[in-house]
file protein_11.csv (CSV, C-alpha atoms)
chain,number,residue,atom,x,y,z
A,1,MET,CA,198.0,74.2,153.0
A,2,GLU,CA,198.6,75.4,149.5
A,3,ARG,CA,201.3,73.5,147.6
A,4,ASP,CA,204.0,75.0,145.5
A,5,ASP,CA,205.9,71.9,144.5
A,6,TRP,CA,204.7,68.8,142.4
A,7,SER,CA,206.5,65.8,141.2
A,8,ILE,CA,206.7,64.9,137.5
A,9,GLN,CA,204.3,62.0,138.0
A,10,GLU,CA,201.8,64.3,139.7
A,11,ILE,CA,202.0,66.9,137.0
A,12,ALA,CA,201.7,64.3,134.2
A,13,ARG,CA,198.5,62.9,135.9
A,14,LEU,CA,197.0,66.3,136.5
A,15,ALA,CA,197.7,67.7,133.1
A,16,GLY,CA,196.7,64.6,131.2
A,17,THR,CA,200.1,64.2,129.6
A,18,THR,CA,203.0,61.8,130.2
A,19,SER,CA,206.2,61.9,132.2
A,20,ARG,CA,208.0,61.1,128.9
A,21,ALA,CA,206.5,64.2,127.3
A,22,LEU,CA,207.5,66.4,130.3
A,23,ARG,CA,211.1,65.0,130.1
A,24,HIS,CA,211.2,65.8,126.4
A,25,TYR,CA,210.0,69.4,127.1
A,26,ASP,CA,212.9,69.6,129.6
A,27,ASP,CA,215.4,68.2,127.1
A,28,ILE,CA,214.6,70.8,124.5
A,29,GLY,CA,214.5,73.7,127.0
A,30,LEU,CA,210.8,74.3,126.7
A,31,LEU,CA,209.8,73.4,130.3
A,32,PRO,CA,212.7,72.9,132.7
A,33,PRO,CA,211.8,71.6,136.2
A,34,SER,CA,212.0,73.9,139.1
A,35,ARG,CA,214.3,71.5,140.9
A,36,ILE,CA,215.7,68.0,140.8
A,37,ALA,CA,215.2,65.9,143.9
A,38,PRO,CA,218.0,63.7,145.4
A,39,ASN,CA,216.4,60.7,143.7
A,40,GLY,CA,216.7,62.4,140.3
A,41,TYR,CA,213.0,63.1,139.9
A,42,ARG,CA,211.9,66.4,138.4
A,43,HIS,CA,209.7,68.7,140.4
A,44,TYR,CA,207.7,71.7,139.3
A,45,ASP,CA,206.5,74.9,141.0
A,46,ALA,CA,203.5,77.1,140.3
A,47,GLY,CA,205.3,79.1,137.7
A,48,ALA,CA,206.2,75.9,135.8
A,49,LEU,CA,202.6,74.9,136.0
A,50,VAL,CA,201.5,78.1,134.4
A,51,ARG,CA,204.0,77.6,131.6
A,52,LEU,CA,202.9,74.0,131.1
A,53,GLN,CA,199.3,75.2,130.8
A,54,ARG,CA,200.4,77.6,128.0
A,55,ILE,CA,202.3,74.9,126.2
A,56,LEU,CA,199.3,72.6,126.3
A,57,LEU,CA,196.9,75.3,125.1
A,58,LEU,CA,199.2,76.2,122.2
A,59,ARG,CA,199.5,72.5,121.3
A,60,GLU,CA,195.7,72.3,121.1
A,61,LEU,CA,195.9,75.1,118.5
A,62,GLY,CA,198.1,73.0,116.4
A,63,LEU,CA,201.4,74.8,117.0
A,64,GLY,CA,204.6,72.7,116.9
A,65,LEU,CA,207.0,72.7,119.8
A,66,PRO,CA,209.5,75.1,118.0
A,67,GLN,CA,206.7,77.6,117.3
A,68,ILE,CA,205.5,77.3,120.9
A,69,ALA,CA,209.0,78.1,122.2
A,70,GLU,CA,209.0,81.2,120.0
A,71,VAL,CA,205.7,82.4,121.3
A,72,LEU,CA,206.7,81.9,124.9
A,73,GLU,CA,210.0,83.6,124.4
A,74,ARG,CA,208.3,86.7,123.0
A,75,GLU,CA,205.8,87.0,125.8
A,76,ARG,CA,206.4,89.0,128.9
A,77,GLY,CA,203.9,88.6,131.8
A,78,GLU,CA,200.6,86.7,132.2
A,79,ALA,CA,198.4,89.4,130.6
A,80,SER,CA,200.5,89.4,127.5
A,81,ALA,CA,200.4,85.6,127.4
A,82,LEU,CA,196.6,85.5,127.6
A,83,GLU,CA,196.3,88.2,125.0
A,84,THR,CA,198.4,86.2,122.6
A,85,HIS,CA,196.4,83.0,123.3
A,86,LEU,CA,193.2,84.9,122.8
A,87,ALA,CA,194.4,86.1,119.4
A,88,LEU,CA,195.4,82.6,118.5
A,89,LEU,CA,192.0,81.3,119.6
A,90,ARG,CA,190.2,83.8,117.4
A,91,GLU,CA,192.4,82.8,114.4
A,92,GLU,CA,191.5,79.2,115.0
A,93,GLN,CA,187.9,80.1,115.4
A,94,ALA,CA,187.9,81.8,112.0
A,95,ARG,CA,189.8,78.9,110.4
A,96,LEU,CA,187.3,76.4,111.8
A,97,ALA,CA,184.4,78.6,110.6
A,98,ARG,CA,185.9,78.5,107.1
A,99,GLN,CA,186.3,74.7,107.3
A,100,ILE,CA,182.7,74.2,108.4
A,101,ALA,CA,181.4,76.4,105.6
A,102,SER,CA,183.7,74.5,103.1
A,103,VAL,CA,182.5,71.0,104.3
A,104,GLU,CA,178.8,72.1,104.4
A,105,SER,CA,179.2,73.4,100.8
A,106,THR,CA,180.7,70.1,99.7
A,107,ILE,CA,178.0,68.0,101.4
A,108,THR,CA,175.3,70.1,99.7
A,109,ALA,CA,176.9,69.6,96.3
A,110,LEU,CA,177.3,65.9,96.8
A,111,ARG,CA,173.7,65.4,98.0
A,112,GLY,CA,172.4,67.6,95.2
A,113,GLY,CA,174.5,66.1,92.4
A,114,GLU,CA,176.0,69.5,91.8
A,115,ASN,CA,179.5,70.2,90.4
A,116,LEU,CA,182.1,70.6,93.1
A,117,MET,CA,184.2,73.8,93.3
A,118,ALA,CA,187.6,72.4,94.0
A,119,GLU,CA,189.1,75.8,94.8
A,120,ASN,CA,186.6,76.2,97.6
A,121,MET,CA,186.8,72.8,99.1
A,122,PHE,CA,190.0,73.2,101.2
A,123,ASP,CA,189.4,76.8,102.5
A,124,GLY,CA,190.7,76.9,106.0
A,125,PHE,CA,192.7,73.6,105.7
A,126,ASP,CA,196.4,73.6,106.4
A,127,HIS,CA,198.3,70.4,105.6
A,128,THR,CA,201.2,71.4,107.9
A,129,GLN,CA,199.1,71.0,111.0
A,130,TYR,CA,199.5,67.2,110.6
A,131,LYS,CA,203.3,67.5,110.3
A,132,GLU,CA,204.1,65.8,113.7
A,133,GLU,CA,201.4,63.1,113.2
A,134,VAL,CA,202.8,62.2,109.8
A,135,GLU,CA,206.3,62.2,111.0
A,136,ASP,CA,205.4,60.0,114.0
A,137,ARG,CA,203.6,57.5,111.8
A,138,TRP,CA,205.8,57.3,108.7
A,139,GLY,CA,209.0,59.3,109.5
A,140,LYS,CA,210.3,62.8,108.8
A,141,LYS,CA,211.3,61.9,105.2
A,142,ALA,CA,207.7,61.0,104.4
A,143,TYR,CA,206.5,64.4,105.5
A,144,ALA,CA,209.3,66.3,103.8
A,145,ASP,CA,208.7,64.5,100.5
A,146,SER,CA,205.0,65.1,100.5
A,147,ASP,CA,205.4,68.7,101.6
A,148,ARG,CA,207.9,69.4,98.8
A,149,TRP,CA,205.5,67.7,96.3
A,150,TRP,CA,202.5,69.8,97.5
A,151,ARG,CA,204.3,73.1,97.5
A,152,GLY,CA,205.8,72.4,94.1
A,153,MET,CA,202.4,72.1,92.4
A,154,THR,CA,200.9,74.9,90.4
A,155,ASP,CA,197.4,76.2,91.4
A,156,ALA,CA,195.9,74.3,88.5
A,157,GLU,CA,197.6,71.0,89.6
A,158,ARG,CA,196.4,71.4,93.1
A,159,ALA,CA,192.8,72.1,91.9
A,160,ASP,CA,193.0,68.9,89.7
A,161,TRP,CA,194.3,66.9,92.6
A,162,GLN,CA,191.6,68.2,94.9
A,163,GLN,CA,189.0,67.4,92.4
A,164,ARG,CA,190.3,63.9,92.2
A,165,VAL,CA,190.0,63.6,95.9
A,166,SER,CA,186.4,64.9,95.9
A,167,ASP,CA,185.5,62.5,93.0
A,168,LEU,CA,186.7,59.6,95.0
A,169,GLY,CA,184.8,60.7,98.1
A,170,ARG,CA,181.6,61.2,96.1
A,171,ASP,CA,181.9,57.8,94.4
A,172,TRP,CA,182.7,56.0,97.7
A,173,ILE,CA,179.6,57.5,99.3
A,174,ALA,CA,177.4,56.6,96.3
A,175,ALA,CA,178.7,53.1,96.4
A,176,ALA,CA,178.2,52.7,100.1
A,177,GLU,CA,174.7,54.1,99.9
A,178,SER,CA,173.7,51.9,96.9
A,179,GLY,CA,173.9,48.8,99.0
A,180,ILE,CA,176.4,47.0,96.7
A,181,ASP,CA,178.8,44.5,98.0
A,182,PRO,CA,182.4,45.8,98.8
A,183,ALA,CA,183.6,42.9,96.6
A,184,SER,CA,181.5,43.9,93.6
A,185,ALA,CA,183.1,45.1,90.4
A,186,GLU,CA,181.8,48.6,91.0
A,187,ALA,CA,183.3,48.9,94.5
A,188,GLN,CA,186.5,47.3,93.5
A,189,ASP,CA,187.0,49.8,90.6
A,190,VAL,CA,186.7,52.6,93.1
A,191,ALA,CA,189.2,50.8,95.3
A,192,ARG,CA,191.6,50.5,92.4
A,193,ARG,CA,191.4,54.3,91.7
A,194,HIS,CA,191.9,54.9,95.4
A,195,VAL,CA,195.1,52.9,95.5
A,196,GLU,CA,196.3,54.5,92.3
A,197,TRP,CA,195.7,57.9,94.0
A,198,LEU,CA,197.7,56.8,97.1
A,199,THR,CA,200.6,55.6,95.1
A,200,GLY,CA,200.8,59.0,93.4
A,201,ILE,CA,201.5,60.8,96.7
A,202,PRO,CA,205.2,61.1,97.4
A,203,GLY,CA,206.1,60.2,101.0
A,204,THR,CA,203.5,57.6,101.6
A,205,PRO,CA,204.5,53.9,101.9
A,206,ALA,CA,202.4,53.3,98.9
A,207,ALA,CA,204.7,55.5,96.8
A,208,VAL,CA,208.0,54.0,97.9
A,209,PRO,CA,209.5,51.5,95.6
A,210,GLY,CA,209.5,48.1,97.3
A,211,GLY,CA,207.2,49.4,100.1
A,212,ASP,CA,204.6,47.3,101.7
A,213,VAL,CA,201.7,48.8,99.8
A,214,LYS,CA,199.3,46.0,100.8
A,215,ALA,CA,199.8,46.5,104.6
A,216,TYR,CA,199.6,50.3,104.1
A,217,VAL,CA,196.3,50.2,102.2
A,218,ILE,CA,194.7,47.8,104.7
A,219,GLY,CA,196.0,49.8,107.6
A,220,LEU,CA,194.7,53.0,106.1
A,221,GLY,CA,191.3,51.5,105.7
A,222,GLU,CA,191.2,50.6,109.3
A,223,MET,CA,192.2,54.2,110.2
A,224,TYR,CA,189.3,55.5,108.2
A,225,VAL,CA,187.0,53.7,110.6
A,226,ALA,CA,188.9,54.4,113.8
A,227,ASP,CA,189.7,58.1,113.2
A,228,PRO,CA,186.6,60.3,112.9
A,229,ARG,CA,188.6,62.9,111.0
A,230,PHE,CA,189.0,60.5,108.1
A,231,GLY,CA,185.8,58.7,108.5
A,232,ALA,CA,183.9,62.0,108.0
A,233,ASN,CA,185.1,62.0,104.4
A,234,TYR,CA,182.9,58.9,103.7
A,235,ALA,CA,179.9,59.7,105.9
A,236,THR,CA,176.6,58.5,104.3
A,237,SER,CA,173.2,59.8,104.9
A,238,SER,CA,172.5,57.1,107.4
A,239,GLY,CA,175.3,58.5,109.6
A,240,GLY,CA,177.7,56.5,111.8
A,241,THR,CA,180.7,54.8,110.3
A,242,HIS,CA,178.9,52.8,107.6
A,243,GLY,CA,180.6,54.6,104.8
A,244,ALA,CA,184.1,54.3,106.3
A,245,GLU,CA,183.5,50.6,107.0
A,246,PHE,CA,182.5,50.1,103.3
A,247,VAL,CA,185.7,51.8,102.1
A,248,ARG,CA,187.8,49.7,104.6
A,249,ASP,CA,186.2,46.4,103.5
A,250,ALA,CA,186.5,47.2,99.8
A,251,LEU,CA,190.2,48.3,100.1
A,252,ARG,CA,191.0,45.2,102.1
A,253,ILE,CA,189.5,42.9,99.4
A,254,TYR,CA,191.3,44.8,96.7
A,255,ALA,CA,194.6,44.7,98.6
A,256,GLU,CA,194.4,41.0,99.3
A,257,GLY,CA,193.5,40.2,95.7
A,258,ASN,CA,195.8,42.6,93.9
A,259,LEU,CA,198.7,43.8,96.0

call {"tool": "encode", "arguments": {"input": "protein_11.csv", "output": "structure tokens"}}
result
Amino acid sequence: MERDDWSIQEIARLAGTTSRALRHYDDIGLLPPSRIAPNGYRHYDAGALVRLQRILLLRELGLGLPQIAEVLERERGEASALETHLALLREEQARLARQIASVESTITALRGGENLMAENMFDGFDHTQYKEEVEDRWGKKAYADSDRWWRGMTDAERADWQQRVSDLGRDWIAAAESGIDPASAEAQDVARRHVEWLTGIPGTPAAVPGGDVKAYVIGLGEMYVADPRFGANYATSSGGTHGAEFVRDALRIYAEGNL
């Protein structure tokens, strides 16, 4: 027989999410349960499943929960919902295409020793897509401070900052590919510049007076290796995580000796 009622635990398992997330969706009015059982457990019907599918799809597109609520509120009927999602998918496809072209251009410039065009390096990138992740890791104030700092920059200041980032990435890759020791003077100089760059970004633990800069720098180095999104910035011609591991080791040595 076809079912029309599922418990919160079943839905969490089927959707690859958590009961905690589903309860949060209920608390903010995004996904109320269809009924509450006598034991207090939330249950969901087919209509709720369709709504959850839309929520998860929109989450994958990088939308925050308030934006998802607005999208769902505007929609009327499944066809309209699918049309909206299709439009969002096409926007995301276009953004990813620009990102791919931007990264390919940067790689070509780095490999060929050409000058980098800072104004083109971040086409298709949107720092706000990491808002929830930053807030989860370091708190809402951290994101608010860094967002205010970024938006307050002039175009020239942003270009200078982006060039500094690209210079660091280029020098890290060159150091990793040269075969030098992470503890060498050359590698430690790049590590020093990297830490100076981090301490200049408002909202990061490295920029907070009295903050645990050492733990932050070491933890960030570990994240470069663990998270492919960051590790890709230091990818060498040999592939894999060698570049990110070199950065991690050099930053750890610098942090332990200087912070």

call {"tool": "closest_residue", "arguments": {"input": "protein_11.csv", "among": "A:Asp181, A:Asp249, A:Asp27, A:Glu196", "to": "A:Glu222", "atoms": "only C-alpha atoms"}}
result
A:Asp249

call {"tool": "atom_distance", "arguments": {"input": "protein_11.csv", "atom1": "atom CA of A:Gln162", "atom2": "atom CA of A:Arg148"}}
result
16.8 Å

call {"tool": "residues_around", "arguments": {"input": "protein_11.csv", "residues": "stretch 29-41 of chain A", "least_positions_apart": "6", "cutoff": "7 Å", "atoms": "only C-alpha atoms", "output": "ChimeraX atom specification"}}
result
/A:8,48,52,69

call {"tool": "residues_around", "arguments": {"input": "protein_11.csv", "residues": "A:Thr241", "least_positions_apart": "3", "cutoff": "7 Å", "atoms": "all atoms listed in the file", "output": "count of residues only"}}
result
5

call {"tool": "atom_distance", "arguments": {"input": "protein_11.csv", "atom1": "atom CA of A:Ala191", "atom2": "atom CA of A:Tyr254"}}
result
6.5 Å

call {"tool": "residues_around", "arguments": {"input": "protein_11.csv", "residues": "A:Ser184", "least_positions_apart": "3", "cutoff": "12 Å", "atoms": "only C-alpha atoms", "output": "ChimeraX atom specification"}}
result
/A:175-176,178-181,187-191,246,249-251,253-254

call {"tool": "closest_residue", "arguments": {"input": "protein_11.csv", "among": "A:Gly169, A:Leu259, A:Arg158, A:Glu70", "to": "A:Asp212", "atoms": "all atoms listed in the file"}}
result
A:Leu259

call {"tool": "atom_distance", "arguments": {"input": "protein_11.csv", "atom1": "atom CA of A:Leu22", "atom2": "atom CA of A:Val50"}}
result
13.8 Å

call {"tool": "residues_around", "arguments": {"input": "protein_11.csv", "residues": "A:Ile173", "least_positions_apart": "6", "cutoff": "7 Å", "atoms": "all atoms listed in the file", "output": "PyMOL selection string"}}
result
chain A and resi 234-236+243

call {"tool": "closest_residue", "arguments": {"input": "protein_11.csv", "among": "A:Arg42, A:Gly47, A:Ile55, A:Glu157", "to": "A:Thr17", "atoms": "all atoms listed in the file"}}
result
A:Ile55

call {"tool": "build_atoms", "arguments": {"input": "protein_11.csv", "residues": "stretch 159-178 of chain A", "atoms": "N, CA, C and O atoms", "output": "PDB file, in the coordinates of the input"}}
result
ATOM      1  N   ALA A 159     194.283  72.133  92.101  1.00  0.00           N
ATOM      2  CA  ALA A 159     192.800  72.100  91.900  1.00  0.00           C
ATOM      3  C   ALA A 159     192.468  70.722  91.254  1.00  0.00           C
ATOM      4  O   ALA A 159     191.453  70.115  91.636  1.00  0.00           O
ATOM      5  N   ASP A 160     193.274  70.233  90.313  1.00  0.00           N
ATOM      6  CA  ASP A 160     193.000  68.900  89.700  1.00  0.00           C
ATOM      7  C   ASP A 160     193.103  67.812  90.745  1.00  0.00           C
ATOM      8  O   ASP A 160     192.274  66.899  90.775  1.00  0.00           O
ATOM      9  N   TRP A 161     194.117  67.900  91.598  1.00  0.00           N
ATOM     10  CA  TRP A 161     194.300  66.900  92.600  1.00  0.00           C
ATOM     11  C   TRP A 161     193.128  66.892  93.607  1.00  0.00           C
ATOM     12  O   TRP A 161     192.604  65.844  93.998  1.00  0.00           O
ATOM     13  N   GLN A 162     192.721  68.084  94.003  1.00  0.00           N
ATOM     14  CA  GLN A 162     191.600  68.200  94.900  1.00  0.00           C
ATOM     15  C   GLN A 162     190.308  67.698  94.319  1.00  0.00           C
ATOM     16  O   GLN A 162     189.472  67.095  94.996  1.00  0.00           O
ATOM     17  N   GLN A 163     190.137  67.931  93.018  1.00  0.00           N
ATOM     18  CA  GLN A 163     189.000  67.400  92.400  1.00  0.00           C
ATOM     19  C   GLN A 163     188.964  65.902  92.331  1.00  0.00           C
ATOM     20  O   GLN A 163     187.929  65.244  92.490  1.00  0.00           O
ATOM     21  N   ARG A 164     190.144  65.324  92.150  1.00  0.00           N
ATOM     22  CA  ARG A 164     190.300  63.900  92.200  1.00  0.00           C
ATOM     23  C   ARG A 164     189.887  63.305  93.522  1.00  0.00           C
ATOM     24  O   ARG A 164     189.199  62.281  93.623  1.00  0.00           O
ATOM     25  N   VAL A 165     190.316  63.992  94.580  1.00  0.00           N
ATOM     26  CA  VAL A 165     190.000  63.600  95.900  1.00  0.00           C
ATOM     27  C   VAL A 165     188.441  63.655  96.127  1.00  0.00           C
ATOM     28  O   VAL A 165     187.817  62.735  96.665  1.00  0.00           O
ATOM     29  N   SER A 166     187.843  64.737  95.690  1.00  0.00           N
ATOM     30  CA  SER A 166     186.400  64.900  95.900  1.00  0.00           C
ATOM     31  C   SER A 166     185.622  63.883  95.056  1.00  0.00           C
ATOM     32  O   SER A 166     184.596  63.380  95.501  1.00  0.00           O
ATOM     33  N   ASP A 167     186.124  63.552  93.852  1.00  0.00           N
ATOM     34  CA  ASP A 167     185.500  62.500  93.000  1.00  0.00           C
ATOM     35  C   ASP A 167     185.492  61.180  93.717  1.00  0.00           C
ATOM     36  O   ASP A 167     184.495  60.443  93.710  1.00  0.00           O
ATOM     37  N   LEU A 168     186.635  60.850  94.303  1.00  0.00           N
ATOM     38  CA  LEU A 168     186.700  59.600  95.000  1.00  0.00           C
ATOM     39  C   LEU A 168     185.765  59.550  96.203  1.00  0.00           C
ATOM     40  O   LEU A 168     185.052  58.564  96.415  1.00  0.00           O
ATOM     41  N   GLY A 169     185.727  60.646  96.981  1.00  0.00           N
ATOM     42  CA  GLY A 169     184.800  60.700  98.100  1.00  0.00           C
ATOM     43  C   GLY A 169     183.368  60.555  97.689  1.00  0.00           C
ATOM     44  O   GLY A 169     182.594  59.807  98.300  1.00  0.00           O
ATOM     45  N   ARG A 170     183.008  61.238  96.612  1.00  0.00           N
ATOM     46  CA  ARG A 170     181.600  61.200  96.100  1.00  0.00           C
ATOM     47  C   ARG A 170     181.290  59.748  95.664  1.00  0.00           C
ATOM     48  O   ARG A 170     180.209  59.219  95.977  1.00  0.00           O
ATOM     49  N   ASP A 171     182.211  59.104  94.945  1.00  0.00           N
ATOM     50  CA  ASP A 171     181.900  57.800  94.400  1.00  0.00           C
ATOM     51  C   ASP A 171     181.913  56.720  95.528  1.00  0.00           C
ATOM     52  O   ASP A 171     181.138  55.756  95.468  1.00  0.00           O
ATOM     53  N   TRP A 172     182.758  56.899  96.561  1.00  0.00           N
ATOM     54  CA  TRP A 172     182.700  56.000  97.700  1.00  0.00           C
ATOM     55  C   TRP A 172     181.359  56.084  98.407  1.00  0.00           C
ATOM     56  O   TRP A 172     180.742  55.065  98.758  1.00  0.00           O
ATOM     57  N   ILE A 173     180.921  57.312  98.647  1.00  0.00           N
ATOM     58  CA  ILE A 173     179.600  57.500  99.300  1.00  0.00           C
ATOM     59  C   ILE A 173     178.493  56.923  98.522  1.00  0.00           C
ATOM     60  O   ILE A 173     177.607  56.237  99.056  1.00  0.00           O
ATOM     61  N   ALA A 174     178.502  57.172  97.212  1.00  0.00           N
ATOM     62  CA  ALA A 174     177.400  56.600  96.300  1.00  0.00           C
ATOM     63  C   ALA A 174     177.439  55.124  96.366  1.00  0.00           C
ATOM     64  O   ALA A 174     176.365  54.492  96.425  1.00  0.00           O
ATOM     65  N   ALA A 175     178.620  54.515  96.334  1.00  0.00           N
ATOM     66  CA  ALA A 175     178.700  53.100  96.400  1.00  0.00           C
ATOM     67  C   ALA A 175     178.197  52.500  97.677  1.00  0.00           C
ATOM     68  O   ALA A 175     177.453  51.510  97.709  1.00  0.00           O
ATOM     69  N   ALA A 176     178.598  53.129  98.778  1.00  0.00           N
ATOM     70  CA  ALA A 176     178.200  52.700 100.100  1.00  0.00           C
ATOM     71  C   ALA A 176     176.659  52.781 100.266  1.00  0.00           C
ATOM     72  O   ALA A 176     176.015  51.897 100.841  1.00  0.00           O
ATOM     73  N   GLU A 177     176.096  53.859  99.752  1.00  0.00           N
ATOM     74  CA  GLU A 177     174.700  54.100  99.900  1.00  0.00           C
ATOM     75  C   GLU A 177     173.828  53.225  98.946  1.00  0.00           C
ATOM     76  O   GLU A 177     172.638  53.002  99.180  1.00  0.00           O
ATOM     77  N   SER A 178     174.447  52.726  97.886  1.00  0.00           N
ATOM     78  CA  SER A 178     173.700  51.900  96.900  1.00  0.00           C
ATOM     79  C   SER A 178     173.417  50.520  97.385  1.00  0.00           C
ATOM     80  O   SER A 178     172.566  49.825  96.829  1.00  0.00           O
TER      81      SER A 178
END
